[in-house]
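**Student:** Got a structure for you, start14.txt, holding compact mmCIF, C-alpha atoms and all ligand atoms.
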```txt
# COMPACT_ATOMS: atom_id res chain seq x y z
CA MET A 8 12.14 12.47 -15.88
CA ILE A 9 11.30 10.96 -12.48
CA PRO A 10 7.92 12.40 -11.43
CA TYR A 11 8.24 11.76 -7.67
CA LYS A 12 10.86 12.23 -4.97
CA ARG A 13 8.96 10.46 -2.17
CA ILE A 14 6.25 7.84 -2.59
CA LEU A 15 3.97 5.78 -0.39
CA LEU A 16 3.57 2.31 -1.88
CA LYS A 17 0.57 0.29 -0.70
CA LEU A 18 0.81 -3.46 -1.15
CA SER A 19 -2.12 -5.66 -0.25
CA GLY A 20 -1.53 -8.70 1.89
CA GLU A 21 -3.75 -10.69 -0.39
CA SER A 22 -1.46 -10.20 -3.38
CA LEU A 23 1.44 -11.62 -1.34
CA MET A 24 -0.34 -14.98 -1.52
CA GLY A 25 0.46 -15.31 -5.22
CA ASN A 26 -1.27 -18.49 -6.32
CA LYS A 27 -1.37 -19.93 -2.83
CA ALA A 28 -4.60 -20.21 -0.83
CA ALA A 29 -3.14 -18.29 2.13
CA GLY A 30 0.13 -17.07 3.63
CA ILE A 31 3.13 -15.76 1.73
CA ASP A 32 4.33 -16.85 -1.69
CA GLU A 33 8.11 -16.45 -1.60
CA GLN A 34 8.30 -15.94 -5.38
CA ARG A 35 5.77 -13.09 -5.33
CA LEU A 36 7.63 -11.56 -2.39
CA ALA A 37 10.91 -11.75 -4.33
CA VAL A 38 9.28 -10.11 -7.40
CA TYR A 39 8.05 -7.25 -5.19
CA ALA A 40 11.44 -6.89 -3.50
CA SER A 41 13.26 -6.71 -6.81
CA GLN A 42 10.84 -4.05 -8.17
CA ILE A 43 11.32 -2.03 -4.99
CA ARG A 44 15.11 -2.36 -5.32
CA GLU A 45 14.93 -0.92 -8.85
CA ALA A 46 12.92 2.04 -7.57
CA ASN A 47 15.26 2.52 -4.62
CA GLN A 48 18.23 2.60 -6.99
CA LEU A 49 16.61 5.51 -8.84
CA GLY A 50 17.03 7.45 -5.58
CA ILE A 51 13.28 7.62 -4.91
CA GLN A 52 12.32 7.70 -1.23
CA ILE A 53 9.99 4.76 -0.59
CA ALA A 54 7.65 4.19 2.33
CA ILE A 55 5.57 1.02 2.14
CA VAL A 56 2.34 0.10 3.86
CA ILE A 57 1.53 -3.56 3.65
CA GLY A 58 -1.81 -5.24 4.31
CA GLY A 59 -2.56 -8.48 6.12
CA GLY A 60 -5.50 -9.99 4.24
CA ASN A 61 -3.48 -13.08 3.29
CA ILE A 62 -3.38 -13.99 6.98
CA PHE A 63 -6.33 -12.45 8.80
CA ARG A 64 -9.06 -9.84 8.39
CA GLY A 65 -10.99 -8.61 11.42
CA LEU A 66 -14.29 -8.37 9.56
CA LYS A 67 -14.07 -11.97 8.37
CA GLY A 68 -13.17 -13.05 11.91
CA ALA A 69 -16.20 -11.18 13.27
CA SER A 70 -18.44 -13.10 10.86
CA LYS A 71 -17.14 -16.30 12.46
CA GLY A 72 -17.80 -15.14 16.01
CA PHE A 73 -14.53 -13.34 16.87
CA ASP A 74 -14.78 -10.11 18.80
CA ARG A 75 -14.29 -7.39 16.14
CA VAL A 76 -11.64 -5.45 18.05
CA LYS A 77 -9.59 -8.56 18.80
CA GLY A 78 -10.03 -9.69 15.19
CA ASP A 79 -8.76 -6.33 13.94
CA GLN A 80 -5.81 -6.57 16.30
CA MET A 81 -5.07 -9.99 14.79
CA GLY A 82 -5.28 -8.36 11.36
CA MET A 83 -2.84 -5.63 12.41
CA LEU A 84 -0.42 -8.27 13.70
CA ALA A 85 -0.77 -10.01 10.33
CA THR A 86 0.49 -6.83 8.63
CA CYS A 87 3.55 -6.99 10.88
CA ILE A 88 4.27 -10.57 9.81
CA ASN A 89 4.09 -9.44 6.17
CA GLY A 90 6.21 -6.39 7.01
CA LEU A 91 8.93 -8.59 8.51
CA ALA A 92 8.85 -10.84 5.45
CA LEU A 93 9.15 -7.88 3.08
CA CYS A 94 11.91 -6.31 5.18
CA SER A 95 13.85 -9.55 5.05
CA ALA A 96 13.30 -9.94 1.27
CA LEU A 97 14.52 -6.37 0.68
CA GLN A 98 17.60 -6.93 2.81
CA ALA A 99 18.30 -10.07 0.76
CA GLU A 100 18.27 -7.77 -2.31
CA GLY A 101 20.95 -5.65 -0.63
CA ILE A 102 18.54 -2.83 0.25
CA LYS A 103 18.54 -1.11 3.63
CA ALA A 104 15.03 -1.49 5.02
CA ARG A 105 13.52 -0.50 8.36
CA LEU A 106 10.28 -1.74 9.91
CA LEU A 107 8.25 0.76 11.92
CA THR A 108 5.02 -0.27 13.63
CA ALA A 109 1.93 1.71 14.56
CA ILE A 110 1.66 -0.34 17.78
CA ARG A 111 4.61 -0.66 20.15
CA MET A 112 6.28 -4.06 19.72
CA GLU A 113 10.04 -3.56 20.00
CA PRO A 114 12.27 -5.37 19.08
CA ILE A 115 10.12 -6.54 16.14
CA GLY A 116 10.02 -3.01 14.80
CA GLU A 117 10.43 0.48 16.21
CA TYR A 118 7.37 2.49 17.15
CA PHE A 119 6.40 4.79 14.23
CA SER A 120 7.05 8.49 14.32
CA LYS A 121 7.06 10.90 11.40
CA ASP A 122 10.58 12.02 12.26
CA LYS A 123 11.99 8.47 12.38
CA ALA A 124 10.34 7.61 9.07
CA ILE A 125 11.61 10.74 7.31
CA GLU A 126 15.09 10.35 8.77
CA SER A 127 15.31 6.89 7.19
CA LEU A 128 13.74 7.98 3.90
CA GLU A 129 16.28 10.77 3.58
CA LYS A 130 19.06 8.19 4.01
CA ASN A 131 17.54 6.25 1.09
CA GLU A 132 16.37 3.45 3.39
CA VAL A 133 13.07 1.79 2.50
CA VAL A 134 10.64 2.25 5.38
CA ILE A 135 7.97 -0.40 5.95
CA LEU A 136 5.06 0.83 8.02
CA SER A 137 3.16 -2.02 9.67
CA ALA A 138 0.07 -2.36 11.88
CA GLY A 139 -1.98 0.04 9.73
CA THR A 140 -3.29 2.97 11.76
CA GLY A 141 -2.81 1.05 15.03
CA CYS A 142 -6.59 1.22 15.64
CA PRO A 143 -9.38 -1.27 14.98
CA TYR A 144 -12.20 -0.54 12.50
CA PHE A 145 -9.74 0.78 9.94
CA THR A 146 -8.03 -0.81 6.93
CA THR A 147 -4.48 -0.70 5.69
CA ASP A 148 -5.72 1.47 2.78
CA THR A 149 -6.67 4.05 5.39
CA GLY A 150 -3.38 3.41 7.19
CA SER A 151 -1.65 3.98 3.90
CA ALA A 152 -3.46 7.26 3.20
CA LEU A 153 -2.71 8.44 6.74
CA LYS A 154 0.98 7.51 6.67
CA GLY A 155 1.35 8.91 3.16
CA ILE A 156 0.09 12.26 4.39
CA GLU A 157 2.18 12.11 7.58
CA VAL A 158 5.46 11.36 5.80
CA GLU A 159 4.61 13.98 3.15
CA ALA A 160 4.66 11.57 0.23
CA GLU A 161 3.77 13.15 -3.12
CA VAL A 162 1.65 10.21 -4.19
CA MET A 163 0.16 6.97 -2.95
CA LEU A 164 0.84 4.12 -5.36
CA LYS A 165 -1.70 1.39 -4.80
CA GLY A 166 -0.29 -1.82 -6.23
CA THR A 167 -2.99 -4.31 -7.17
CA ARG A 168 -3.37 -7.26 -9.53
CA VAL A 169 -5.53 -5.14 -11.88
CA ASP A 170 -3.94 -2.49 -14.12
CA GLY A 171 -6.13 0.41 -12.96
CA ILE A 172 -9.67 1.51 -12.16
CA TYR A 173 -12.43 0.29 -14.48
CA THR A 174 -16.07 1.21 -15.04
CA ALA A 175 -16.91 -2.28 -13.67
CA ASP A 176 -14.94 -5.24 -12.30
CA PRO A 177 -12.81 -6.29 -15.33
CA GLU A 178 -12.46 -9.80 -13.92
CA LYS A 179 -16.26 -10.18 -14.16
CA ASP A 180 -17.41 -7.79 -16.92
CA PRO A 181 -15.66 -8.04 -20.34
CA ASN A 182 -17.13 -4.64 -21.33
CA ALA A 183 -15.45 -2.81 -18.45
CA VAL A 184 -13.42 0.20 -19.60
CA LYS A 185 -10.32 1.51 -17.83
CA TYR A 186 -10.01 5.13 -16.64
CA ASP A 187 -6.67 6.84 -17.27
CA HIS A 188 -7.61 9.38 -14.62
CA ILE A 189 -10.57 10.01 -12.39
CA THR A 190 -11.47 12.38 -9.53
CA TYR A 191 -12.24 11.29 -5.96
CA ASP A 192 -15.74 12.73 -6.42
CA GLU A 193 -16.36 10.57 -9.48
CA ILE A 194 -15.36 7.53 -7.41
CA TYR A 195 -18.03 8.44 -4.83
CA VAL A 196 -20.70 9.27 -7.41
CA LYS A 197 -20.11 6.17 -9.52
CA GLY A 198 -19.79 3.99 -6.41
CA LEU A 199 -16.50 2.49 -7.64
CA ASN A 200 -15.08 -0.05 -5.27
CA ILE A 201 -11.39 0.96 -5.21
CA MET A 202 -10.80 1.24 -1.51
CA ASP A 203 -12.87 2.14 1.53
CA LEU A 204 -14.40 5.60 1.71
CA THR A 205 -12.40 6.58 4.81
CA ALA A 206 -9.17 6.10 2.87
CA THR A 207 -10.51 7.90 -0.23
CA THR A 208 -11.74 10.83 1.87
CA LEU A 209 -8.39 11.19 3.67
CA CYS A 210 -6.62 11.36 0.31
CA LYS A 211 -9.16 13.82 -1.09
CA GLU A 212 -9.13 16.16 1.91
CA ASN A 213 -5.35 16.21 2.06
CA ASN A 214 -4.78 16.33 -1.68
CA LEU A 215 -2.80 13.10 -1.86
CA PRO A 216 -3.11 11.73 -5.41
CA ILE A 217 -3.37 7.97 -5.88
CA VAL A 218 -2.16 5.81 -8.75
CA VAL A 219 -3.81 2.39 -8.96
CA PHE A 220 -1.61 0.07 -11.00
CA ASP A 221 -0.70 -3.57 -11.59
CA MET A 222 2.21 -4.38 -9.29
CA ASP A 223 2.22 -8.07 -10.15
CA THR A 224 3.80 -7.46 -13.55
CA PRO A 225 7.56 -7.14 -13.04
CA GLY A 226 8.94 -3.81 -14.23
CA ASN A 227 5.67 -1.87 -13.78
CA LEU A 228 6.77 0.04 -10.71
CA LEU A 229 9.90 1.21 -12.52
CA LYS A 230 7.85 2.22 -15.59
CA LEU A 231 5.51 4.26 -13.45
CA LEU A 232 8.36 5.93 -11.62
CA SER A 233 10.10 6.67 -14.90
CA GLY A 234 7.10 8.75 -15.94
CA GLU A 235 5.26 6.21 -18.10
CA LYS A 236 1.50 6.64 -17.97
CA ILE A 237 0.31 3.34 -16.60
CA GLY A 238 -2.54 2.62 -14.20
CA THR A 239 -5.24 5.11 -13.19
CA TYR A 240 -4.44 8.50 -11.65
CA VAL A 241 -6.89 9.68 -8.97
CA HIS A 242 -6.96 13.36 -8.10
CA ASN A 243 -9.14 16.26 -6.91
N1 LIG A 301 -6.57 -3.45 10.46
C1 LIG A 301 -7.04 -2.65 11.49
N2 LIG A 301 -6.66 -1.33 11.52
C2 LIG A 301 -5.85 -0.78 10.60
C3 LIG A 301 -5.40 -1.59 9.53
C4 LIG A 301 -5.77 -2.91 9.49
O1 LIG A 301 -7.78 -3.10 12.35
O2 LIG A 301 -5.54 0.43 10.71
C5 LIG A 301 -6.90 -4.88 10.45
C6 LIG A 301 -8.27 -5.18 9.85
O3 LIG A 301 -8.84 -6.26 10.57
C7 LIG A 301 -7.91 -5.62 8.45
C8 LIG A 301 -6.62 -6.38 8.67
O4 LIG A 301 -5.96 -5.61 9.68
O5 LIG A 301 -8.89 -6.46 7.88
C9 LIG A 301 -5.73 -6.53 7.48
O6 LIG A 301 -5.66 -5.33 6.75
P1 LIG A 301 -6.33 -5.16 5.29
O7 LIG A 301 -7.62 -5.92 5.25
O8 LIG A 301 -6.38 -3.71 4.98
O9 LIG A 301 -5.26 -5.88 4.39
P2 LIG A 301 -5.19 -6.02 2.81
O10 LIG A 301 -6.62 -6.03 2.27
O11 LIG A 301 -4.45 -4.85 2.26
O12 LIG A 301 -4.45 -7.30 2.60
```
Give the structure from the file, written as structure tokens.

**Tutor:**
Amino acid sequence: MIPYKRILLKLSGESLMGNKAAGIDEQRLAVYASQIREANQLGIQIAIVIGGGNIFRGLKGASKGFDRVKGDQMGMLATCINGLALCSALQAEGIKARLLTAIRMEPIGEYFSKDKAIESLEKNEVVILSAGTGCPYFTTDTGSALKGIEVEAEVMLKGTRVDGIYTADPEKDPNAVKYDHITYDEIYVKGLNIMDLTATTLCKENNLPIVVFDMDTPGNLLKLLSGEKIGTYVHN
């Protein structure tokens, strides 16, 4: 049984790098596109928010002397570059995909509106939502929570390179234990570093569950959408 009709998939820019030091790894992009095609063929409505950390992060820029607002704007533009790349990779898979942006920049992508996004989703087009929230001082995780709520997604699937949320960083601590499910409040109390608090709070206050899962293993998205219990489920 397919558990969701409409999902918001969050992909980090950083994971698009694959094994490269920066930029976009075409192989990783193709693996993502093919997983998204499989999900699209199940008839699931898919909105995607993509990050930009493989190209630029405002906070890192600020530490090197960039003005924070301009640095964040550079970061938001980076998400549009990734969005275009993903859109193109999906189209190469034979999938109809549409890029909407949170900052006006036609003809690169149309300016986001809830109605436009839902209209496309209902036609089984994959909608890529770039430029995060459109405002500095936010992250694409927050953009993802916000857009997920706006387009009335039933869940936010946060694709990462780790297979869920752990008691500690599993890449550093061999004793770290994975949670199958956890509440937003436990994330606050335990100080788990899943995503920024603004994003977590938006999800909590608007009752948008999150599944953190490993998107880098081909087939995982399909497993999750086919009802298999993978990753960590975050809820109220
Ligand atoms: N950004 C922003 N507002 C937003 C979303 C993103 O200013 O609503 C900027 C911010 O500088 C951020 C960068 O875009 O560092 C890239 O996004 P993010 O770091 O979330 O990308 P990811 O970690 O997912 O690759």

**Student:** Could you pull the residues within 9 Å of stretch 117-126 of chain A, counting only C-alpha atoms, minus those fewer than 3 positions along the same chain, as a ChimeraX atom specification?

**Tutor:** /A:54,105-114,129-130,132,134-137,154,157-159

**Student:** Taking 6 positions as the minimum chain separation for residues in the same chain, which residues sit within 9 Å of A:Thr205 when counting only C-alpha atoms? Answer as a PyMOL selection string.

**Tutor:** chain A and resi 145-146+148-149

**Student:** Deliver the residues from the most recent selection as a file, using C-alpha atoms, as a PDB file, in the frame of the given file.

**Tutor:**
```pdb
ATOM      1  CA  PHE A 145      -9.740   0.780   9.940  1.00  0.00           C
ATOM      2  CA  THR A 146      -8.030  -0.810   6.930  1.00  0.00           C
ATOM      3  CA  ASP A 148      -5.720   1.470   2.780  1.00  0.00           C
ATOM      4  CA  THR A 149      -6.670   4.050   5.390  1.00  0.00           C
TER       5      THR A 149
END
```

**Student:** Please report the interatomic distance between atom CA of A:Leu15 and atom CA of A:Glu161 in Å with one decimal.

**Tutor:**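 Atom CA of A:Glu161 lies 7.9 Å from atom CA of A:Leu15.
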
**Student:** Quick one: residues within 9 Å of A:Ile43, only C-alpha atoms, excluding same-chain residues fewer than 2 positions away - as a count of residues only?

**Tutor:** 14

**Student:** Ligand LIG 301 (chain A): which residues are within 9 Å, counting all atoms listed in the file? Reply as a ChimeraX atom specification.

**Tutor:** /A:17-23,56-68,75-86,109,137-151
